[in-house]
file start33.txt (compact mmCIF, C-alpha atoms)
# COMPACT_ATOMS: atom_id res chain seq x y z
CA MET A 1031 0.00 0.00 0.00
CA GLU A 1032 1.41 3.39 -0.99
CA ASN A 1033 1.91 6.09 1.60
CA PRO A 1034 -0.92 8.65 1.01
CA TYR A 1035 1.21 11.39 2.59
CA LEU A 1036 4.13 10.92 0.19
CA PRO A 1037 4.10 13.39 -2.74
CA TYR A 1038 5.43 12.73 -6.23
CA PRO A 1039 8.37 14.97 -7.23
CA VAL A 1040 7.59 17.15 -10.24
CA CYS A 1041 9.50 19.80 -12.17
CA ILE A 1042 8.05 23.19 -13.09
CA GLU A 1043 8.21 23.36 -16.88
CA LYS A 1044 6.39 26.62 -17.48
CA ILE A 1045 4.78 29.40 -15.45
CA THR A 1046 2.04 31.53 -17.00
CA ILE A 1047 0.82 34.75 -15.40
CA GLU A 1048 -2.94 34.60 -15.87
CA THR A 1049 -4.24 37.90 -14.51
CA GLU A 1050 -3.26 41.55 -14.75
CA ASP A 1051 -2.77 41.81 -10.99
CA ARG A 1052 -0.25 38.91 -11.28
CA ASN A 1053 -1.85 37.13 -8.30
CA ILE A 1054 -2.91 34.07 -10.29
CA LYS A 1055 -0.36 31.90 -12.09
CA THR A 1056 -0.64 28.57 -13.90
CA PHE A 1057 2.13 26.05 -13.31
CA ARG A 1058 2.78 23.37 -15.91
CA VAL A 1059 4.64 20.53 -14.20
CA SER A 1060 6.01 17.17 -15.32
CA PHE A 1061 6.81 14.08 -13.30
CA LEU A 1062 10.46 13.30 -12.64
CA ASN A 1063 9.70 9.57 -12.67
CA PRO A 1064 7.65 8.06 -15.54
CA GLU A 1065 6.17 5.45 -13.18
CA ASP A 1066 4.72 8.22 -11.02
CA GLU A 1067 2.91 9.65 -14.03
CA LYS A 1068 1.37 6.24 -14.75
CA ARG A 1069 0.14 5.99 -11.16
CA PHE A 1070 -1.34 9.50 -11.19
CA GLN A 1071 -4.63 8.62 -12.93
CA TYR A 1072 -7.16 11.42 -12.46
CA ARG A 1073 -10.45 12.77 -13.80
CA PRO A 1074 -11.76 16.34 -14.18
CA GLY A 1075 -13.04 17.66 -10.88
CA GLN A 1076 -10.32 16.12 -8.71
CA PHE A 1077 -7.60 18.03 -6.90
CA ALA A 1078 -4.09 17.49 -5.54
CA GLU A 1079 -1.93 18.81 -2.75
CA LEU A 1080 1.02 20.91 -3.89
CA SER A 1081 3.86 20.76 -1.40
CA VAL A 1082 6.99 22.81 -0.87
CA ALA A 1083 9.69 21.51 1.48
CA GLY A 1084 9.86 23.57 4.63
CA LYS A 1085 6.70 25.53 3.81
CA GLY A 1086 3.82 23.05 3.76
CA GLU A 1087 1.17 22.05 1.24
CA CYS A 1088 -2.08 23.40 -0.17
CA PRO A 1089 -5.04 21.83 -2.04
CA ILE A 1090 -5.36 22.96 -5.67
CA GLY A 1091 -7.82 21.79 -8.32
CA ILE A 1092 -6.26 20.04 -11.33
CA ALA A 1093 -6.68 22.36 -14.32
CA SER A 1094 -5.30 20.00 -16.96
CA SER A 1095 -7.34 17.21 -18.56
CA PRO A 1096 -6.51 13.48 -18.57
CA THR A 1097 -6.61 13.80 -22.36
CA GLU A 1098 -3.50 16.02 -22.14
CA SER A 1099 -0.58 13.69 -21.54
CA GLY A 1100 2.89 14.43 -20.26
CA PHE A 1101 2.08 17.24 -17.85
CA LEU A 1102 -0.25 18.60 -15.19
CA LEU A 1103 -1.62 22.12 -14.85
CA PHE A 1104 -2.30 23.88 -11.54
CA THR A 1105 -3.62 27.43 -11.40
CA VAL A 1106 -2.62 29.01 -8.10
CA ASN A 1107 -3.97 32.13 -6.43
CA LYS A 1108 -1.42 33.86 -4.19
CA ALA A 1109 -3.12 33.86 -0.81
CA GLY A 1110 -0.90 32.40 1.93
CA VAL A 1111 2.54 31.12 2.86
CA VAL A 1112 2.64 28.12 0.52
CA THR A 1113 1.00 29.81 -2.46
CA THR A 1114 3.20 32.89 -2.08
CA HIS A 1115 6.29 30.67 -2.08
CA LEU A 1116 4.97 28.89 -5.18
CA HIS A 1117 4.55 32.23 -6.91
CA ASN A 1118 8.20 33.01 -6.17
CA MET A 1119 9.46 29.74 -7.63
CA LYS A 1120 11.11 29.55 -11.05
CA GLU A 1121 10.85 27.25 -14.03
CA GLY A 1122 13.08 24.23 -13.50
CA GLU A 1123 12.52 24.05 -9.74
CA ILE A 1124 11.09 20.99 -7.99
CA LEU A 1125 7.94 20.69 -5.89
CA GLY A 1126 5.72 17.85 -4.70
CA VAL A 1127 2.29 16.71 -5.90
CA ARG A 1128 0.17 14.43 -3.71
CA GLY A 1129 -2.92 12.88 -5.24
CA PRO A 1130 -5.11 12.66 -7.17
CA LEU A 1131 -7.67 13.34 -4.45
CA GLY A 1132 -11.43 13.60 -4.13
CA ASN A 1133 -14.13 12.60 -6.59
CA TRP A 1134 -14.94 13.93 -10.05
CA TYR A 1135 -17.75 15.20 -12.22
CA PRO A 1136 -20.22 12.38 -13.10
CA PHE A 1137 -19.41 11.94 -16.78
CA ASP A 1138 -21.10 8.55 -17.02
CA GLU A 1139 -24.38 10.14 -15.90
CA MET A 1140 -23.85 13.02 -18.34
CA GLU A 1141 -23.51 10.84 -21.43
CA GLY A 1142 -26.12 11.62 -24.08
CA ARG A 1143 -27.23 14.76 -22.26
CA ASN A 1144 -26.69 18.47 -22.76
CA VAL A 1145 -24.18 19.98 -20.36
CA VAL A 1146 -24.21 23.49 -18.90
CA ILE A 1147 -20.94 24.59 -17.29
CA ILE A 1148 -21.04 27.66 -15.05
CA GLY A 1149 -17.94 29.14 -13.48
CA GLY A 1150 -16.70 32.31 -11.89
CA GLY A 1151 -13.30 33.79 -11.16
CA PHE A 1152 -10.46 31.63 -9.93
CA ALA A 1153 -12.73 28.57 -9.63
CA PHE A 1154 -12.71 28.01 -13.40
CA THR A 1155 -9.72 25.65 -13.04
CA THR A 1156 -11.43 22.24 -12.86
CA LEU A 1157 -14.00 23.52 -15.36
CA ARG A 1158 -11.16 24.17 -17.80
CA SER A 1159 -10.20 20.52 -17.27
CA THR A 1160 -13.80 19.48 -17.93
CA ILE A 1161 -14.14 21.51 -21.14
CA VAL A 1162 -10.89 20.17 -22.59
CA TYR A 1163 -11.90 16.62 -21.64
CA MET A 1164 -15.36 16.88 -23.22
CA LEU A 1165 -14.08 18.53 -26.41
CA ALA A 1166 -11.43 15.86 -26.99
CA PRO A 1167 -12.23 14.00 -30.25
CA GLU A 1168 -12.59 10.69 -28.42
CA ASN A 1169 -15.14 12.17 -26.00
CA ARG A 1170 -17.11 14.88 -27.82
CA ASN A 1171 -19.79 12.57 -29.26
CA ARG A 1172 -20.58 11.24 -25.80
CA PHE A 1173 -22.34 14.50 -24.89
CA GLY A 1174 -25.03 16.71 -26.39
CA ASP A 1175 -24.86 20.50 -26.56
CA ILE A 1176 -22.23 22.11 -24.34
CA SER A 1177 -22.88 25.62 -23.02
CA VAL A 1178 -20.45 27.57 -20.85
CA VAL A 1179 -21.13 30.68 -18.77
CA TYR A 1180 -17.88 32.03 -17.36
CA GLY A 1181 -17.44 35.32 -15.55
CA ALA A 1182 -14.74 37.43 -13.91
CA ARG A 1183 -14.58 40.90 -12.33
CA ASN A 1184 -13.03 42.41 -15.48
CA GLU A 1185 -11.14 41.42 -18.62
CA GLY A 1186 -7.85 41.37 -16.77
CA MET A 1187 -9.09 38.70 -14.36
CA LEU A 1188 -10.17 36.16 -16.99
CA LEU A 1189 -8.16 32.93 -16.96
CA TYR A 1190 -6.84 30.95 -19.94
CA LYS A 1191 -7.30 33.81 -22.41
CA ASN A 1192 -5.36 31.96 -25.11
CA GLU A 1193 -8.01 29.22 -25.03
CA LEU A 1194 -11.19 31.27 -24.63
CA SER A 1195 -11.12 32.67 -28.19
CA PRO A 1196 -10.58 29.29 -29.89
CA TRP A 1197 -13.45 27.86 -27.87
CA GLN A 1198 -15.64 30.77 -28.95
CA ASP A 1199 -14.78 30.06 -32.59
CA ARG A 1200 -15.87 26.42 -32.39
CA ASN A 1201 -19.35 25.35 -33.47
CA ASP A 1202 -19.66 22.47 -31.00
CA ILE A 1203 -19.61 24.57 -27.82
CA HIS A 1204 -21.49 27.75 -26.85
CA MET A 1205 -19.30 30.16 -24.88
CA HIS A 1206 -20.90 33.02 -22.91
CA ILE A 1207 -18.10 35.01 -21.29
CA THR A 1208 -18.99 37.94 -19.05
CA VAL A 1209 -17.27 40.53 -16.89
CA ASP A 1210 -18.83 42.42 -13.99
CA CYS A 1211 -17.77 45.74 -15.45
CA SER A 1212 -15.53 47.13 -18.16
CA GLU A 1213 -13.94 50.48 -19.00
CA ASP A 1214 -13.63 49.41 -22.63
CA PRO A 1215 -16.61 50.73 -24.67
CA PHE A 1216 -15.84 48.02 -27.25
CA CYS A 1217 -15.63 45.16 -24.76
CA LYS A 1218 -16.15 41.89 -26.66
CA TYR A 1219 -17.67 40.13 -23.67
CA HIS A 1220 -21.05 40.35 -21.97
CA ILE A 1221 -21.33 42.86 -19.12
CA GLY A 1222 -23.06 41.54 -16.02
CA PHE A 1223 -22.90 39.03 -13.21
CA VAL A 1224 -22.90 35.30 -13.92
CA PRO A 1225 -26.44 34.64 -12.58
CA ALA A 1226 -27.89 37.35 -14.85
CA ILE A 1227 -26.09 36.03 -17.95
CA THR A 1228 -27.12 32.48 -17.05
CA GLU A 1229 -30.76 33.59 -16.92
CA LYS A 1230 -30.46 35.12 -20.41
CA LYS A 1231 -28.52 32.33 -22.09
CA ILE A 1232 -29.65 29.10 -20.40
CA THR A 1233 -33.35 28.84 -21.20
CA SER A 1234 -33.99 25.09 -21.13
CA ALA A 1235 -33.23 22.23 -18.76
CA GLU A 1236 -34.45 19.50 -21.09
CA ASN A 1237 -32.16 16.47 -20.96
CA SER A 1238 -29.49 18.64 -19.33
CA VAL A 1239 -27.00 18.60 -16.46
CA ALA A 1240 -25.50 21.75 -14.94
CA ILE A 1241 -22.05 21.94 -13.34
CA ILE A 1242 -21.29 24.93 -11.12
CA CYS A 1243 -17.98 25.94 -9.58
CA GLY A 1244 -17.25 29.42 -8.30
CA PRO A 1245 -17.42 31.81 -5.36
CA PRO A 1246 -20.15 30.90 -2.84
CA ILE A 1247 -22.03 34.15 -3.52
CA MET A 1248 -22.14 33.36 -7.25
CA ILE A 1249 -23.43 29.85 -6.59
CA LYS A 1250 -26.04 31.14 -4.14
CA PHE A 1251 -27.65 33.36 -6.78
CA THR A 1252 -27.14 31.01 -9.74
CA GLN A 1253 -28.92 28.08 -8.13
CA PRO A 1254 -32.41 29.67 -8.20
CA VAL A 1255 -31.88 30.67 -11.84
CA LEU A 1256 -31.34 27.02 -12.75
CA GLU A 1257 -34.30 25.94 -10.63
CA LYS A 1258 -36.51 28.47 -12.42
CA VAL A 1259 -35.52 27.02 -15.79
CA GLY A 1260 -36.45 23.56 -14.55
CA PHE A 1261 -33.23 21.85 -13.51
CA PRO A 1262 -33.98 19.20 -10.85
CA HIS A 1263 -31.63 19.21 -7.88
CA GLU A 1264 -30.21 15.84 -8.98
CA ALA A 1265 -29.03 17.50 -12.22
CA ILE A 1266 -27.28 20.46 -10.56
CA ILE A 1267 -23.71 19.43 -9.73
CA MET A 1268 -21.65 21.62 -7.42
CA SER A 1269 -18.03 21.61 -6.33
CA LEU A 1270 -17.14 22.63 -2.78
CA GLU A 1271 -13.50 23.35 -3.59
CA ASN A 1272 -13.34 26.06 -0.95
CA ARG A 1273 -13.67 23.36 1.75
CA MET A 1274 -10.75 21.15 0.66
CA LYS A 1275 -8.07 20.61 3.30
CA CYS A 1276 -5.75 17.62 3.83
CA GLY A 1277 -7.18 15.54 0.99
CA ILE A 1278 -7.74 12.26 2.85
CA GLY A 1279 -10.19 13.21 5.61
CA MET A 1280 -7.72 12.93 8.47
CA CYS A 1281 -7.57 16.52 9.72
CA GLY A 1282 -11.35 16.81 10.19
CA ARG A 1283 -11.47 20.38 8.89
CA CYS A 1284 -13.45 19.75 5.70
CA ASN A 1285 -16.53 18.06 7.11
CA ILE A 1286 -20.06 19.22 6.38
CA GLY A 1287 -22.29 17.22 8.68
CA PRO A 1288 -21.22 13.56 8.22
CA GLU A 1289 -19.54 14.18 4.85
CA TYR A 1290 -15.84 14.85 4.34
CA VAL A 1291 -15.37 17.11 1.33
CA CYS A 1292 -11.83 15.82 0.73
CA LYS A 1293 -12.98 12.17 0.55
CA ASP A 1294 -16.69 12.23 -0.34
CA GLY A 1295 -16.39 15.33 -2.56
CA PRO A 1296 -15.59 17.99 -3.52
CA VAL A 1297 -18.25 17.24 -6.16
CA PHE A 1298 -21.83 16.84 -4.88
CA PRO A 1299 -25.26 16.99 -6.52
CA LEU A 1300 -27.48 19.67 -5.02
CA ALA A 1301 -29.90 16.95 -3.94
CA LYS A 1302 -27.19 15.60 -1.64
CA LEU A 1303 -26.21 19.04 -0.35
CA ASN A 1304 -29.85 19.65 0.61
CA THR A 1305 -29.47 16.95 3.28
CA LEU A 1306 -26.41 18.65 4.81
CA PRO A 1307 -25.82 21.91 6.71
CA LYS A 1308 -26.10 24.81 4.28
CA GLU A 1309 -22.94 26.00 2.55
CA TYR A 1310 -24.57 28.59 0.24
call {"tool": "encode", "arguments": {"input": "start33.txt", "output": "structure tokens"}}
result
Amino acid sequence: MENPYLPYPVCIEKITIETEDRNIKTFRVSFLNPEDEKRFQYRPGQFAELSVAGKGECPIGIASSPTESGFLLFTVNKAGVVTTHLHNMKEGEILGVRGPLGNWYPFDEMEGRNVVIIGGGFAFTTLRSTIVYMLAPENRNRFGDISVVYGARNEGMLLYKNELSPWQDRNDIHMHITVDCSEDPFCKYHIGFVPAITEKKITSAENSVAIICGPPIMIKFTQPVLEKVGFPHEAIIMSLENRMKCGIGMCGRCNIGPEYVCKDGPVFPLAKLNTLPKEY
């Protein structure tokens, strides 16, 4: 039995500054040992612990897709000791990755159905993984229409800008990108909050599943929009990424009622969340 506390060593291949404030960076890492890469079998929605010797570790959603081989992507918001140290690291340096951890989005249940993906701000990471996974040639015909509503505070806070435009140009996915406000009179995105854009663009729940990941306040006001359209609570899938802690349910800091987000989640259908203490 492998030690669940032992991270895999990985090398930072590339660092991308995602936002204008420079507080969010994406780290492309590769495994030092090929056997470790084979063992690290993950699905969109899962997360991992990034560790730095002498500093600690932090839970980060996996932004890459299993259909992208040879590397992992982690998008990190500078917020504390570990993440600040990560932001100061350079390409070529070594860190640890422990995982994969948690559950994933229910792709088997989504087969043959339309999929609505709703994300906001920094939480678009595992949704990026999901979009890339679903658009892969070997997977695209498993799903019906794919619609994405993605929002950020302004243009400078949007993630993965080099991928957003190509997705918008495709005819097999409907991208609805919005910003809360813009000083650009020729802004090419929608202006408005995610719940408002969702209400305008998502008008049917027929044979559909909705995935939501974002700030709690966004989720709180998006949920009734989906209910109004007719999404049953079993078809509204949420990710409680903000509650992830040690990854294996040992520290006891991620529990919601009897559920441990790190082990039983972070992905839950709303029907399940309705039986637990309220998070939103």
call {"tool": "axis_aligned_box", "arguments": {"input": "start33.txt", "around": "region 1181-1192 of chain A", "padding_each_side": "6 Å", "output": "AutoDock Vina command-line options"}}
result
--center_x -11.4 --center_y 36.7 --center_z -18.7 --size_x 24.1 --size_y 23.5 --size_z 24.8
call {"tool": "atom_distance", "arguments": {"input": "start33.txt", "atom1": "CA of Val1127 (chain A)", "atom2": "CA of Ile1147 (chain A)"}}
result
27.0 Å
call {"tool": "residues_around", "arguments": {"input": "start33.txt", "residues": "region 1250-1256 of chain A", "least_positions_apart": "4", "cutoff": "12 Å", "atoms": "only C-alpha atoms", "output": "VMD selection string"}}
result
chain A and resid 1146 to 1150 1179 1223 to 1236 1238 to 1246 1260 to 1268 1299 to 1301 1308 to 1310
call {"tool": "closest_atom_pairs", "arguments": {"input": "start33.txt", "of": "region 1125-1218 of chain A", "to": "region 1054-1066 of chain A", "cutoff": "10 Å", "atoms": "only C-alpha atoms", "output": "CSV"}}
result
residue,atom,partner,partner_atom,distance
A:Leu1125,CA,A:Val1059,CA,8.9
A:Gly1126,CA,A:Phe1061,CA,9.5
A:Val1127,CA,A:Phe1061,CA,9.1
A:Phe1152,CA,A:Ile1054,CA,7.9
A:Thr1155,CA,A:Thr1056,CA,9.6
A:Met1187,CA,A:Ile1054,CA,8.7
A:Leu1189,CA,A:Ile1054,CA,8.6
A:Tyr1190,CA,A:Thr1056,CA,9.0
call {"tool": "atom_distance", "arguments": {"input": "start33.txt", "atom1": "CA of Ile1042 (chain A)", "atom2": "CA of Met1119 (chain A)"}}
result
8.6 Å
call {"tool": "closest_residue", "arguments": {"input": "start33.txt", "among": "A:Thr1113, A:Ser1177, A:Asn1201, A:Asn1272", "to": "Cys1088 (chain A)", "atoms": "all atoms listed in the file"}}
result
A:Thr1113
call {"tool": "decode", "arguments": {"input": "start33.txt", "residues": "region 1267-1304 of chain A", "atoms": "N, CA and C atoms", "output": "mmCIF file, in the first residue's frame"}}
result
data_model
loop_
_atom_site.group_PDB
_atom_site.id
_atom_site.type_symbol
_atom_site.label_atom_id
_atom_site.label_comp_id
_atom_site.auth_asym_id
_atom_site.auth_seq_id
_atom_site.Cartn_x
_atom_site.Cartn_y
_atom_site.Cartn_z
ATOM 1 N N ILE A 1267 -24.918 19.976 -10.350
ATOM 2 C CA ILE A 1267 -23.711 19.427 -9.729
ATOM 3 C C ILE A 1267 -22.824 20.577 -9.267
ATOM 4 N N MET A 1268 -22.456 20.547 -7.987
ATOM 5 C CA MET A 1268 -21.649 21.623 -7.416
ATOM 6 C C MET A 1268 -20.321 21.094 -6.898
ATOM 7 N N SER A 1269 -19.333 21.966 -6.879
ATOM 8 C CA SER A 1269 -18.027 21.608 -6.329
ATOM 9 C C SER A 1269 -17.721 22.505 -5.134
ATOM 10 N N LEU A 1270 -17.449 21.878 -4.003
ATOM 11 C CA LEU A 1270 -17.141 22.625 -2.775
ATOM 12 C C LEU A 1270 -15.631 22.746 -2.597
ATOM 13 N N GLU A 1271 -14.962 23.266 -3.619
ATOM 14 C CA GLU A 1271 -13.501 23.352 -3.588
ATOM 15 C C GLU A 1271 -12.986 24.212 -2.444
ATOM 16 N N ASN A 1272 -13.799 25.173 -2.022
ATOM 17 C CA ASN A 1272 -13.344 26.063 -0.950
ATOM 18 C C ASN A 1272 -13.228 25.348 0.390
ATOM 19 N N ARG A 1273 -13.740 24.102 0.486
ATOM 20 C CA ARG A 1273 -13.674 23.365 1.753
ATOM 21 C C ARG A 1273 -12.570 22.316 1.770
ATOM 22 N N MET A 1274 -11.798 22.178 0.715
ATOM 23 C CA MET A 1274 -10.755 21.155 0.662
ATOM 24 C C MET A 1274 -9.643 21.481 1.662
ATOM 25 N N LYS A 1275 -9.149 20.420 2.319
ATOM 26 C CA LYS A 1275 -8.068 20.613 3.299
ATOM 27 C C LYS A 1275 -6.951 19.606 3.056
ATOM 28 N N CYS A 1276 -6.900 18.531 3.894
ATOM 29 C CA CYS A 1276 -5.749 17.618 3.834
ATOM 30 C C CYS A 1276 -5.837 16.629 2.688
ATOM 31 N N GLY A 1277 -7.035 16.416 2.148
ATOM 32 C CA GLY A 1277 -7.179 15.541 0.995
ATOM 33 C C GLY A 1277 -7.597 14.121 1.310
ATOM 34 N N ILE A 1278 -7.400 13.651 2.533
ATOM 35 C CA ILE A 1278 -7.743 12.265 2.848
ATOM 36 C C ILE A 1278 -8.649 12.143 4.074
ATOM 37 N N GLY A 1279 -9.211 13.250 4.526
ATOM 38 C CA GLY A 1279 -10.192 13.210 5.609
ATOM 39 C C GLY A 1279 -9.625 12.942 6.983
ATOM 40 N N MET A 1280 -8.346 13.206 7.181
ATOM 41 C CA MET A 1280 -7.720 12.933 8.474
ATOM 42 C C MET A 1280 -7.729 14.132 9.411
ATOM 43 N N CYS A 1281 -7.688 15.341 8.854
ATOM 44 C CA CYS A 1281 -7.572 16.519 9.724
ATOM 45 C C CYS A 1281 -8.918 16.941 10.298
ATOM 46 N N GLY A 1282 -10.019 16.501 9.675
ATOM 47 C CA GLY A 1282 -11.346 16.807 10.193
ATOM 48 C C GLY A 1282 -11.790 18.241 9.985
ATOM 49 N N ARG A 1283 -11.138 18.972 9.091
ATOM 50 C CA ARG A 1283 -11.475 20.383 8.890
ATOM 51 C C ARG A 1283 -12.356 20.627 7.671
ATOM 52 N N CYS A 1284 -12.674 19.568 6.925
ATOM 53 C CA CYS A 1284 -13.448 19.750 5.701
ATOM 54 C C CYS A 1284 -14.873 19.243 5.824
ATOM 55 N N ASN A 1285 -15.233 18.730 7.012
ATOM 56 C CA ASN A 1285 -16.527 18.056 7.110
ATOM 57 C C ASN A 1285 -17.702 19.031 7.040
ATOM 58 N N ILE A 1286 -18.764 18.560 6.391
ATOM 59 C CA ILE A 1286 -20.063 19.223 6.382
ATOM 60 C C ILE A 1286 -21.057 18.174 6.860
ATOM 61 N N GLY A 1287 -21.498 18.289 8.116
ATOM 62 C CA GLY A 1287 -22.288 17.215 8.676
ATOM 63 C C GLY A 1287 -21.453 15.946 8.703
ATOM 64 N N PRO A 1288 -21.976 14.817 8.213
ATOM 65 C CA PRO A 1288 -21.223 13.560 8.221
ATOM 66 C C PRO A 1288 -20.289 13.391 7.019
ATOM 67 N N GLU A 1289 -20.325 14.317 6.068
ATOM 68 C CA GLU A 1289 -19.541 14.180 4.846
ATOM 69 C C GLU A 1289 -18.192 14.892 4.972
ATOM 70 N N TYR A 1290 -17.165 14.241 4.429
ATOM 71 C CA TYR A 1290 -15.844 14.851 4.341
ATOM 72 C C TYR A 1290 -15.614 15.281 2.892
ATOM 73 N N VAL A 1291 -15.497 16.586 2.694
ATOM 74 C CA VAL A 1291 -15.371 17.108 1.330
ATOM 75 C C VAL A 1291 -14.158 16.519 0.631
ATOM 76 N N CYS A 1292 -13.055 16.336 1.347
ATOM 77 C CA CYS A 1292 -11.833 15.822 0.734
ATOM 78 C C CYS A 1292 -11.982 14.385 0.249
ATOM 79 N N LYS A 1293 -12.824 13.580 0.917
ATOM 80 C CA LYS A 1293 -12.977 12.172 0.553
ATOM 81 C C LYS A 1293 -14.261 11.920 -0.213
ATOM 82 N N ASP A 1294 -15.376 12.474 0.269
ATOM 83 C CA ASP A 1294 -16.689 12.228 -0.344
ATOM 84 C C ASP A 1294 -16.976 13.218 -1.463
ATOM 85 N N GLY A 1295 -16.243 14.298 -1.537
ATOM 86 C CA GLY A 1295 -16.393 15.332 -2.556
ATOM 87 C C GLY A 1295 -15.059 15.550 -3.232
ATOM 88 N N PRO A 1296 -14.820 16.762 -3.754
ATOM 89 C CA PRO A 1296 -15.592 17.992 -3.518
ATOM 90 C C PRO A 1296 -16.850 18.134 -4.372
ATOM 91 N N VAL A 1297 -17.107 17.140 -5.257
ATOM 92 C CA VAL A 1297 -18.254 17.241 -6.161
ATOM 93 C C VAL A 1297 -19.477 16.578 -5.530
ATOM 94 N N PHE A 1298 -20.576 17.354 -5.435
ATOM 95 C CA PHE A 1298 -21.826 16.841 -4.880
ATOM 96 C C PHE A 1298 -23.003 17.331 -5.723
ATOM 97 N N PRO A 1299 -24.016 16.479 -5.937
ATOM 98 C CA PRO A 1299 -25.261 16.988 -6.524
ATOM 99 C C PRO A 1299 -25.993 17.820 -5.480
ATOM 100 N N LEU A 1300 -26.743 18.812 -5.938
ATOM 101 C CA LEU A 1300 -27.481 19.669 -5.015
ATOM 102 C C LEU A 1300 -28.443 18.863 -4.158
ATOM 103 N N ALA A 1301 -28.983 17.786 -4.709
ATOM 104 C CA ALA A 1301 -29.905 16.945 -3.937
ATOM 105 C C ALA A 1301 -29.218 16.408 -2.687
ATOM 106 N N LYS A 1302 -27.933 16.073 -2.797
ATOM 107 C CA LYS A 1302 -27.185 15.602 -1.642
ATOM 108 C C LYS A 1302 -26.893 16.743 -0.677
ATOM 109 N N LEU A 1303 -26.528 17.896 -1.207
ATOM 110 C CA LEU A 1303 -26.214 19.038 -0.349
ATOM 111 C C LEU A 1303 -27.433 19.488 0.445
ATOM 112 N N ASN A 1304 -28.625 19.259 -0.094
ATOM 113 C CA ASN A 1304 -29.846 19.654 0.612
ATOM 114 C C ASN A 1304 -30.023 18.896 1.923
#
